[in-house]
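Source file: run09.cif; contents: mmCIF, C-alpha atoms.
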data_coords
loop_
_atom_site.group_PDB
_atom_site.id
_atom_site.type_symbol
_atom_site.label_atom_id
_atom_site.label_comp_id
_atom_site.auth_asym_id
_atom_site.auth_seq_id
_atom_site.Cartn_x
_atom_site.Cartn_y
_atom_site.Cartn_z
ATOM 1 C CA GLU W 1 4.208 -18.763 5.381
ATOM 2 C CA PRO W 2 1.236 -17.874 3.149
ATOM 3 C CA GLU W 3 1.814 -15.147 0.607
ATOM 4 C CA VAL W 4 0.098 -13.213 -2.126
ATOM 5 C CA THR W 5 1.289 -14.157 -5.605
ATOM 6 C CA GLN W 6 1.013 -12.175 -8.828
ATOM 7 C CA THR W 7 1.505 -13.055 -12.485
ATOM 8 C CA PRO W 8 3.121 -12.076 -14.691
ATOM 9 C CA SER W 9 6.031 -10.350 -13.000
ATOM 10 C CA HIS W 10 6.511 -8.141 -16.058
ATOM 11 C CA GLN W 11 4.053 -7.374 -18.827
ATOM 12 C CA VAL W 12 4.912 -5.412 -21.947
ATOM 13 C CA THR W 13 2.060 -4.280 -24.168
ATOM 14 C CA GLN W 14 1.303 -1.898 -26.977
ATOM 15 C CA MET W 15 -0.754 1.214 -26.373
ATOM 16 C CA GLY W 16 -4.436 0.486 -26.924
ATOM 17 C CA GLN W 17 -4.187 -3.188 -26.006
ATOM 18 C CA GLU W 18 -5.982 -4.846 -23.114
ATOM 19 C CA VAL W 19 -4.076 -6.481 -20.274
ATOM 20 C CA ILE W 20 -5.155 -8.711 -17.421
ATOM 21 C CA LEU W 21 -3.080 -8.799 -14.277
ATOM 22 C CA ARG W 22 -3.579 -11.792 -12.044
ATOM 23 C CA CYS W 23 -3.340 -12.230 -8.315
ATOM 24 C CA VAL W 24 -3.853 -15.095 -5.915
ATOM 25 C CA PRO W 25 -4.605 -13.664 -2.464
ATOM 26 C CA ILE W 26 -3.927 -15.499 0.767
ATOM 27 C CA SER W 27 -6.514 -18.238 1.000
ATOM 28 C CA ASN W 28 -8.413 -17.244 4.152
ATOM 29 C CA HIS W 29 -8.447 -13.535 3.356
ATOM 30 C CA LEU W 30 -11.704 -11.888 2.420
ATOM 31 C CA TYR W 31 -10.645 -8.392 1.368
ATOM 32 C CA PHE W 32 -8.686 -7.653 -1.768
ATOM 33 C CA TYR W 33 -7.042 -4.547 -3.133
ATOM 34 C CA TRP W 34 -5.217 -3.243 -6.170
ATOM 35 C CA TYR W 35 -2.649 -0.464 -5.996
ATOM 36 C CA ARG W 36 -0.284 1.031 -8.485
ATOM 37 C CA GLN W 37 3.062 2.731 -8.087
ATOM 38 C CA ILE W 38 4.696 4.753 -10.812
ATOM 39 C CA LEU W 39 8.483 4.464 -10.562
ATOM 40 C CA GLY W 40 9.824 6.574 -7.724
ATOM 41 C CA GLN W 41 6.403 7.749 -6.608
ATOM 42 C CA LYS W 42 3.951 6.837 -3.897
ATOM 43 C CA VAL W 43 1.637 3.858 -3.754
ATOM 44 C CA GLU W 44 -1.787 4.800 -5.139
ATOM 45 C CA PHE W 45 -5.011 3.069 -4.139
ATOM 46 C CA LEU W 46 -7.083 1.822 -7.058
ATOM 47 C CA VAL W 47 -9.848 -0.390 -5.685
ATOM 48 C CA SER W 48 -10.955 -2.622 -2.832
ATOM 49 C CA PHE W 49 -13.143 -5.675 -3.244
ATOM 50 C CA TYR W 50 -15.189 -7.687 -0.784
ATOM 51 C CA ASN W 51 -17.994 -10.193 -1.081
ATOM 52 C CA ASN W 52 -17.753 -10.216 -4.859
ATOM 53 C CA GLU W 53 -18.209 -6.521 -5.298
ATOM 54 C CA ILE W 54 -16.224 -3.308 -5.272
ATOM 55 C CA SER W 55 -16.167 -1.676 -1.829
ATOM 56 C CA GLU W 56 -14.289 1.490 -2.715
ATOM 57 C CA LYS W 57 -12.520 2.851 -5.755
ATOM 58 C CA SER W 58 -10.352 5.871 -6.417
ATOM 59 C CA GLU W 59 -10.628 8.547 -9.068
ATOM 60 C CA ILE W 60 -7.964 6.672 -11.035
ATOM 61 C CA PHE W 61 -10.204 3.617 -11.309
ATOM 62 C CA ASP W 62 -12.340 4.776 -14.214
ATOM 63 C CA ASP W 63 -14.183 2.822 -16.911
ATOM 64 C CA GLN W 64 -10.865 1.671 -18.307
ATOM 65 C CA PHE W 65 -10.391 -0.590 -15.299
ATOM 66 C CA SER W 66 -12.325 -3.560 -13.985
ATOM 67 C CA VAL W 67 -11.779 -6.239 -11.356
ATOM 68 C CA GLU W 68 -13.070 -9.740 -11.081
ATOM 69 C CA ARG W 69 -12.841 -12.744 -8.822
ATOM 70 C CA PRO W 70 -13.547 -15.424 -11.420
ATOM 71 C CA ASP W 71 -13.132 -18.351 -9.043
ATOM 72 C CA GLY W 72 -12.308 -19.041 -5.405
ATOM 73 C CA SER W 73 -8.660 -18.175 -5.678
ATOM 74 C CA ASN W 74 -7.895 -15.621 -8.392
ATOM 75 C CA PHE W 75 -8.416 -11.860 -8.337
ATOM 76 C CA THR W 76 -7.810 -10.014 -11.582
ATOM 77 C CA LEU W 77 -7.361 -6.442 -12.736
ATOM 78 C CA LYS W 78 -8.246 -5.734 -16.362
ATOM 79 C CA ILE W 79 -7.041 -2.592 -18.068
ATOM 80 C CA ARG W 80 -8.753 -1.891 -21.373
ATOM 81 C CA SER W 81 -7.116 0.173 -24.084
ATOM 82 C CA THR W 82 -3.878 0.810 -22.215
ATOM 83 C CA LYS W 83 -2.236 4.225 -22.311
ATOM 84 C CA LEU W 84 1.412 5.184 -21.940
ATOM 85 C CA GLU W 85 0.671 6.626 -18.499
ATOM 86 C CA ASP W 86 -0.592 3.249 -17.287
ATOM 87 C CA SER W 87 3.039 2.110 -17.134
ATOM 88 C CA ALA W 88 3.644 1.359 -13.458
ATOM 89 C CA MET W 89 4.064 -1.391 -10.903
ATOM 90 C CA TYR W 90 0.714 -2.883 -9.964
ATOM 91 C CA PHE W 91 0.400 -4.444 -6.526
ATOM 92 C CA CYS W 92 -2.332 -6.736 -5.330
ATOM 93 C CA ALA W 93 -2.952 -7.010 -1.589
ATOM 94 C CA SER W 94 -5.249 -8.943 0.693
ATOM 95 C CA SER W 95 -6.306 -8.795 4.317
ATOM 96 C CA GLU W 96 -8.408 -10.738 6.760
ATOM 97 C CA ALA W 97 -10.516 -7.718 7.583
ATOM 98 C CA PRO W 98 -10.109 -3.973 7.313
ATOM 99 C CA GLY W 99 -9.844 -1.995 10.491
ATOM 100 C CA SER W 100 -8.670 -4.650 12.920
ATOM 101 C CA SER W 101 -4.916 -4.704 12.706
ATOM 102 C CA ASN W 102 -5.582 -3.846 9.078
ATOM 103 C CA GLU W 103 -2.476 -5.669 7.989
ATOM 104 C CA GLN W 104 -2.540 -5.822 4.239
ATOM 105 C CA PHE W 105 -0.266 -8.394 2.640
ATOM 106 C CA PHE W 106 1.155 -7.230 -0.666
ATOM 107 C CA GLY W 107 2.165 -9.388 -3.589
ATOM 108 C CA PRO W 108 5.484 -8.866 -5.377
ATOM 109 C CA GLY W 109 3.849 -6.772 -8.089
ATOM 110 C CA THR W 110 3.484 -6.817 -11.861
ATOM 111 C CA ARG W 111 5.551 -4.289 -13.755
ATOM 112 C CA LEU W 112 3.435 -3.061 -16.667
ATOM 113 C CA THR W 113 5.209 -1.341 -19.536
ATOM 114 C CA VAL W 114 3.046 0.272 -22.202
ATOM 115 C CA LEU W 115 4.874 1.106 -25.431
ATOM 116 C CA GLY Q 1 -9.937 15.581 -0.093
ATOM 117 C CA GLN Q 2 -7.256 13.619 1.703
ATOM 118 C CA SER Q 3 -3.595 14.499 2.104
ATOM 119 C CA LEU Q 4 -0.646 13.218 4.090
ATOM 120 C CA GLU Q 5 2.619 14.987 4.812
ATOM 121 C CA GLN Q 6 5.835 13.238 5.752
ATOM 122 C CA PRO Q 7 9.492 14.228 5.305
ATOM 123 C CA SER Q 8 11.007 13.171 2.009
ATOM 124 C CA GLU Q 9 14.330 12.011 3.446
ATOM 125 C CA VAL Q 10 15.942 11.200 6.781
ATOM 126 C CA THR Q 11 19.525 10.140 7.436
ATOM 127 C CA ALA Q 12 20.752 8.479 10.630
ATOM 128 C CA VAL Q 13 23.621 6.319 11.836
ATOM 129 C CA GLU Q 14 23.576 2.687 12.823
ATOM 130 C CA GLY Q 15 22.392 2.148 16.376
ATOM 131 C CA ALA Q 16 20.589 5.469 16.548
ATOM 132 C CA ILE Q 17 16.891 6.234 16.961
ATOM 133 C CA VAL Q 18 14.899 7.972 14.252
ATOM 134 C CA GLN Q 19 11.366 9.345 14.215
ATOM 135 C CA ILE Q 20 9.370 9.782 11.011
ATOM 136 C CA ASN Q 21 6.411 12.113 11.380
ATOM 137 C CA CYS Q 22 3.174 12.071 9.465
ATOM 138 C CA THR Q 23 0.386 14.618 9.494
ATOM 139 C CA TYR Q 24 -2.839 14.038 7.664
ATOM 140 C CA GLN Q 25 -6.025 15.687 6.535
ATOM 141 C CA THR Q 26 -8.851 13.352 5.738
ATOM 142 C CA SER Q 27 -12.581 12.939 5.813
ATOM 143 C CA GLY Q 28 -13.662 9.863 7.722
ATOM 144 C CA PHE Q 29 -10.475 8.809 9.502
ATOM 145 C CA TYR Q 30 -10.371 5.190 10.604
ATOM 146 C CA GLY Q 31 -6.732 4.439 11.344
ATOM 147 C CA LEU Q 32 -3.105 5.035 10.442
ATOM 148 C CA SER Q 33 -0.780 2.354 9.096
ATOM 149 C CA TRP Q 34 2.928 2.292 8.399
ATOM 150 C CA TYR Q 35 4.609 0.320 5.630
ATOM 151 C CA GLN Q 36 8.234 -0.300 4.718
ATOM 152 C CA GLN Q 37 9.372 -0.678 1.121
ATOM 153 C CA HIS Q 38 12.841 -1.617 -0.027
ATOM 154 C CA ASP Q 39 13.937 -0.669 -3.542
ATOM 155 C CA GLY Q 40 12.325 -2.994 -6.061
ATOM 156 C CA GLY Q 41 10.203 -4.640 -3.383
ATOM 157 C CA ALA Q 42 6.607 -4.608 -2.267
ATOM 158 C CA PRO Q 43 5.312 -2.649 0.719
ATOM 159 C CA THR Q 44 5.484 -4.572 3.975
ATOM 160 C CA PHE Q 45 3.161 -3.820 6.865
ATOM 161 C CA LEU Q 46 4.813 -2.494 10.015
ATOM 162 C CA SER Q 47 2.093 -1.244 12.339
ATOM 163 C CA TYR Q 48 -1.409 0.157 12.691
ATOM 164 C CA ASN Q 49 -2.973 2.652 15.110
ATOM 165 C CA ALA Q 50 -6.690 3.190 15.391
ATOM 166 C CA LEU Q 51 -6.644 4.726 18.871
ATOM 167 C CA ASP Q 52 -4.456 7.396 20.446
ATOM 168 C CA GLY Q 53 -1.235 6.187 21.947
ATOM 169 C CA LEU Q 54 1.823 4.136 21.292
ATOM 170 C CA GLU Q 55 1.986 0.684 19.696
ATOM 171 C CA GLU Q 56 5.252 -1.192 20.081
ATOM 172 C CA THR Q 57 6.471 -4.038 17.903
ATOM 173 C CA GLY Q 58 10.051 -4.954 18.556
ATOM 174 C CA ARG Q 59 12.384 -2.176 17.419
ATOM 175 C CA PHE Q 60 9.517 -0.302 15.786
ATOM 176 C CA SER Q 61 6.873 1.787 17.560
ATOM 177 C CA SER Q 62 4.080 3.887 16.155
ATOM 178 C CA PHE Q 63 2.150 6.711 17.763
ATOM 179 C CA LEU Q 64 -1.142 8.360 16.936
ATOM 180 C CA SER Q 65 -2.879 11.515 18.119
ATOM 181 C CA ARG Q 66 -6.266 11.751 16.460
ATOM 182 C CA SER Q 67 -6.966 15.204 17.876
ATOM 183 C CA ASP Q 68 -3.757 16.515 16.253
ATOM 184 C CA SER Q 69 -4.140 14.459 13.049
ATOM 185 C CA TYR Q 70 -0.579 13.355 13.656
ATOM 186 C CA GLY Q 71 1.369 10.172 13.980
ATOM 187 C CA TYR Q 72 4.941 8.994 13.924
ATOM 188 C CA LEU Q 73 6.992 5.894 13.402
ATOM 189 C CA LEU Q 74 9.925 5.380 15.761
ATOM 190 C CA LEU Q 75 12.753 3.104 14.736
ATOM 191 C CA GLN Q 76 15.256 2.132 17.430
ATOM 192 C CA GLU Q 77 18.668 0.468 17.256
ATOM 193 C CA LEU Q 78 18.892 1.269 13.576
ATOM 194 C CA GLN Q 79 20.487 -1.309 11.322
ATOM 195 C CA MET Q 80 21.774 -0.956 7.777
ATOM 196 C CA LYS Q 81 18.905 -3.136 6.560
ATOM 197 C CA ASP Q 82 16.452 -0.484 7.776
ATOM 198 C CA SER Q 83 17.483 1.689 4.822
ATOM 199 C CA ALA Q 84 14.243 1.829 2.870
ATOM 200 C CA SER Q 85 11.221 4.000 2.182
ATOM 201 C CA TYR Q 86 8.595 4.315 4.900
ATOM 202 C CA PHE Q 87 5.007 5.217 4.086
ATOM 203 C CA CYS Q 88 2.268 6.346 6.392
ATOM 204 C CA ALA Q 89 -1.186 5.440 5.140
ATOM 205 C CA VAL Q 90 -4.603 6.589 6.239
ATOM 206 C CA LEU Q 91 -7.595 4.294 6.239
ATOM 207 C CA ASN Q 92 -10.945 5.919 5.647
ATOM 208 C CA THR Q 93 -14.110 5.060 7.502
ATOM 209 C CA GLY Q 94 -14.771 1.360 7.163
ATOM 210 C CA GLY Q 95 -11.164 0.737 6.292
ATOM 211 C CA PHE Q 96 -11.777 -0.086 2.650
ATOM 212 C CA LYS Q 97 -9.734 2.754 1.181
ATOM 213 C CA THR Q 98 -6.074 3.303 2.052
ATOM 214 C CA ILE Q 99 -4.342 6.524 1.046
ATOM 215 C CA PHE Q 100 -0.549 6.469 1.164
ATOM 216 C CA GLY Q 101 1.775 9.367 1.870
ATOM 217 C CA ALA Q 102 4.605 10.170 -0.506
ATOM 218 C CA GLY Q 103 7.073 8.214 1.609
ATOM 219 C CA THR Q 104 10.175 8.998 3.627
ATOM 220 C CA ARG Q 105 13.445 7.667 2.357
ATOM 221 C CA LEU Q 106 15.599 6.548 5.309
ATOM 222 C CA PHE Q 107 19.347 6.272 4.829
ATOM 223 C CA VAL Q 108 21.240 4.454 7.577
ATOM 224 C CA LYS Q 109 24.984 5.121 7.636
ATOM 225 C CA ALA Q 110 27.674 3.061 9.305
#
Entire entry expressed as C-alpha cells:
Amino acid sequence: EPEVTQTPSHQVTQMGQEVILRCVPISNHLYFYWYRQILGQKVEFLVSFYNNEISEKSEIFDDQFSVERPDGSNFTLKIRSTKLEDSAMYFCASSEAPGSSNEQFFGPGTRLTVL
Amino acid sequence: GQSLEQPSEVTAVEGAIVQINCTYQTSGFYGLSWYQQHDGGAPTFLSYNALDGLEETGRFSSFLSRSDSYGYLLLQELQMKDSASYFCAVLNTGGFKTIFGAGTRLFVKA
C-alpha cells in the first residue's frame, strides 16, 4: 500500500539554526500539506501546495518558513533560524484532490527538538 | 476566524456505541473530516462529509448538518483498539486549508 514517508524521524537542532524536513508524498497525489503538532495539542495547518505553488498558508507560516518541491518526488519544509517554540512534530500529508473524499494521507512525522 | 468545539474526553465500554460531537464556526465551509490519532502516531483519515446526512464506513459513521454547523462521529461495537484521539477538521472553500479541532480523547474500558 502506498504511503507518505518523512525523514528524518527525529531532528535535534540548536536555536537559530536552519532545518529542512523532507517528505515523499504518494506518487500520484497532486496536493501536499504540512502540519505541526506540539506535544499534547491539536494538529495545526501550516501550508498547502499544488501545481508548484502555495495554495493556502496559515498565520503560523511566516517568513521563517518555506516549502519547495525540488524534484518530482520530494516535498520539503525549511525552517530558518529556529526558535524554541518551533519544537513540535511536523507532519506531511498528501491527497489526490481536495474536496472529493478529501482523504489526506499523513506521513509518520518528524519530531523537531530545538535546544 | 474559524473555531471548532468538541468534547475533550469520552469514556465508554467495549461493545458500546459512542458519539463525538463537533460544532464549528468558519468562513467558507467546504466539508467536515474526521481523523483518528493513536498516541505517538500520525492522524488517520476516517470520513468526510460535504453534504448533509450520514456517511457510513463499517463501524464508523459521520453526520453533518450544514445549517446547524454541526457534525458527529459515531463509533459502534467499540473495541479496545478504538482508544485514541479523534479530531474533527473543517475544510475551507476550495478545500486547501484544513483546520483541526482540539481533539476528543476516547477511552474504551473492558
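Residue nearest chain W, chosen from Q:Leu78, Q:Val18, Q:Leu46, Q:Ala84 and counting only C-alpha atoms: Q:Leu46.
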How close does chain W get to chain Q? List, as a Markdown table, each residue of chain W within 12 Å, its nearest atom pair and the distance in Å to one decimal, counting all atoms listed in the file.
| residue | atom | partner | partner_atom | distance |
| --- | --- | --- | --- | --- |
| W:Glu3 | CA | Q:Thr44 | CA | 11.7 |
| W:Val4 | CA | Q:Ala42 | CA | 10.8 |
| W:Thr5 | CA | Q:Ala42 | CA | 11.4 |
| W:Gln6 | CA | Q:Ala42 | CA | 11.5 |
| W:Ser9 | CA | Q:Gly40 | CA | 11.9 |
| W:Leu30 | CA | Q:Phe96 | CA | 11.8 |
| W:Tyr31 | CA | Q:Phe96 | CA | 8.5 |
| W:Phe32 | CA | Q:Phe96 | CA | 9.3 |
| W:Tyr33 | CA | Q:Phe96 | CA | 8.7 |
| W:Trp34 | CA | Q:Lys97 | CA | 10.5 |
| W:Tyr35 | CA | Q:Thr98 | CA | 9.5 |
| W:Arg36 | CA | Q:Ala42 | CA | 10.9 |
| W:Gln37 | CA | Q:Ala42 | CA | 10.0 |
| W:Ile38 | CA | Q:Ala102 | CA | 11.6 |
| W:Leu39 | CA | Q:Gly40 | CA | 9.5 |
| W:Gly40 | CA | Q:Asp39 | CA | 9.3 |
| W:Gln41 | CA | Q:Ala102 | CA | 6.8 |
| W:Lys42 | CA | Q:Ala102 | CA | 4.8 |
| W:Val43 | CA | Q:Phe100 | CA | 6.0 |
| W:Glu44 | CA | Q:Phe100 | CA | 6.6 |
| W:Phe45 | CA | Q:Ile99 | CA | 6.3 |
| W:Leu46 | CA | Q:Lys97 | CA | 8.7 |
| W:Val47 | CA | Q:Lys97 | CA | 7.6 |
| W:Ser48 | CA | Q:Phe96 | CA | 6.1 |
| W:Phe49 | CA | Q:Phe96 | CA | 8.2 |
| W:Tyr50 | CA | Q:Phe96 | CA | 9.0 |
| W:Ile54 | CA | Q:Phe96 | CA | 9.6 |
| W:Ser55 | CA | Q:Phe96 | CA | 6.5 |
| W:Glu56 | CA | Q:Lys97 | CA | 6.1 |
| W:Lys57 | CA | Q:Lys97 | CA | 7.5 |
| W:Ser58 | CA | Q:Lys97 | CA | 8.2 |
| W:Glu59 | CA | Q:Gly1 | CA | 11.4 |
| W:Met89 | CA | Q:Ala42 | CA | 9.6 |
| W:Tyr90 | CA | Q:Ala42 | CA | 9.8 |
| W:Phe91 | CA | Q:Ala42 | CA | 7.5 |
| W:Cys92 | CA | Q:Ala42 | CA | 9.7 |
| W:Ala93 | CA | Q:Pro43 | CA | 9.6 |
| W:Ser94 | CA | Q:Phe96 | CA | 11.2 |
| W:Ser95 | CA | Q:Phe96 | CA | 10.4 |
| W:Glu96 | CA | Q:Gly95 | CA | 11.8 |
| W:Ala97 | CA | Q:Gly95 | CA | 8.6 |
| W:Pro98 | CA | Q:Gly95 | CA | 4.9 |
| W:Gly99 | CA | Q:Gly95 | CA | 5.2 |
| W:Ser100 | CA | Q:Ala50 | CA | 8.5 |
| W:Ser101 | CA | Q:Tyr48 | CA | 6.0 |
| W:Asn102 | CA | Q:Tyr48 | CA | 6.8 |
| W:Glu103 | CA | Q:Phe45 | CA | 6.0 |
| W:Gln104 | CA | Q:Phe45 | CA | 6.6 |
| W:Phe105 | CA | Q:Thr44 | CA | 7.0 |
| W:Phe106 | CA | Q:Ala42 | CA | 6.3 |
| W:Gly107 | CA | Q:Ala42 | CA | 6.7 |
| W:Pro108 | CA | Q:Ala42 | CA | 5.4 |
| W:Gly109 | CA | Q:Ala42 | CA | 6.8 |
| W:Thr110 | CA | Q:Ala42 | CA | 10.3 |
| W:Arg111 | CA | Q:Gly40 | CA | 10.3 |
Check what the PyMOL selection byres ((chain Q and resi 5-7) around 9) selects in the file above and give those residues as a list of chain:residue names.
->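 Listing what the PyMOL selection byres ((chain Q and resi 5-7) around 9) selects in the shown file: Q:Ser3, Q:Leu4, Q:Ser8, Q:Glu9, Q:Val10, Q:Ile20, Q:Asn21, Q:Cys22, Q:Thr23, Q:Tyr24, Q:Gln25, Q:Phe87, Q:Cys88, Q:Gly101, Q:Ala102, Q:Gly103, Q:Thr104, Q:Arg105.
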Hey, which of Q:His38, Q:Asp52, Q:Gly28, Q:Ser83 ends up closest to Asp68 in chain Q? Count all atoms listed in the file.
->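 Checking each candidate against Asp68 in chain Q, we get Q:Asp52 as the closest.
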Residues within 7 Å of Ser62 in chain Q, all atoms listed in the file, excluding chain neighbours under 6 positions, as a tab-separated table (two decimals) with C-alpha atoms, in the coordinates of the input:
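New file selection.tsv:
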chain	number	residue	atom	x	y	z
Q	47	SER	CA	2.09	-1.24	12.34
Q	54	LEU	CA	1.82	4.14	21.29
Q	55	GLU	CA	1.99	0.68	19.70
Q	56	GLU	CA	5.25	-1.19	20.08
Q	72	TYR	CA	4.94	8.99	13.92
Q	73	LEU	CA	6.99	5.89	13.40
Q	74	LEU	CA	9.93	5.38	15.76
Please evaluate the PyMOL selection byres ((chain W and resi 10-12) around 8) against the displayed coordinates and give the resulting residues as an MDAnalysis selection string.
-> chainID W and resid 7:9 13:14 110:115
Report the distance between CA of Leu77 in chain W and CA of Val24 in chain W in Å, rounded to one decimal place.
->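 These atoms are spaced 11.6 Å apart.
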Quick one: axis-aligned box around all listed atoms of range 78-87 of chain Q, 5 Å on every side, centre and edge lengths in Å to one decimal, written as JSON.
{"center_x": 13.4, "center_y": 1.0, "center_z": 7.9, "size_x": 26.8, "size_y": 18.4, "size_z": 21.4}
Return the single residue from W:Glu85, W:Phe61, W:Val67, W:Ile26 that is closest to Glu1 in chain W, with distances computed using only C-alpha atoms.
-> W:Ile26
In Å, with one decimal, what is the gap from CA of Thr76 in chain W to CA of Met15 in chain W?
->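 If I compute the distance from CA of Thr76 in chain W to CA of Met15 in chain W, I get 19.9 Å.
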Separation of CA of Phe63 in chain Q from CA of Lys109 in chain Q, in Å and rounded to one decimal =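 That distance, rounded to one decimal, is 25.0 Å.
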Distance criterion (only C-alpha atoms): nearest to Leu64 in chain Q out of Q:Met80, Q:Val108, Q:Val90, Q:Leu51 | Q:Leu51
Using all atoms listed in the file: which of W:Lys78, W:Asn52, W:Ala88, W:Pro2 has the shortest distance to Arg22 in chain W |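 With all atoms listed in the file as the atom set, the closest residue is W:Lys78.
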Once the PyMOL selection byres ((chain W and resi 80) around 10) has been applied to the shown file, what residues remain in the selection, as a list in words?
->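 Output from the PyMOL selection byres ((chain W and resi 80) around 10), applied to this file: Met15, Gly16, Gln17, Glu18, Val19, Ile20, Asp63, Gln64, Phe65, Ser66, Leu77, Lys78, Ile79, Ser81, Thr82 and Lys83 of chain W.
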Find the residues near Gln79 in chain Q: any atom within 8 Å, counting only C-alpha atoms, skip ones fewer than 2 places away on the same chain, and give them as a list in words.
->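 The residues that qualify are Glu14, Gly15, Glu77, Lys81, Asp82, Ser83 and Val108 of chain Q.
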Proximity to Cys23 in chain W - best of W:Pro70, W:Phe75, W:Asn51, W:Ile60, all atoms listed in the file = W:Phe75
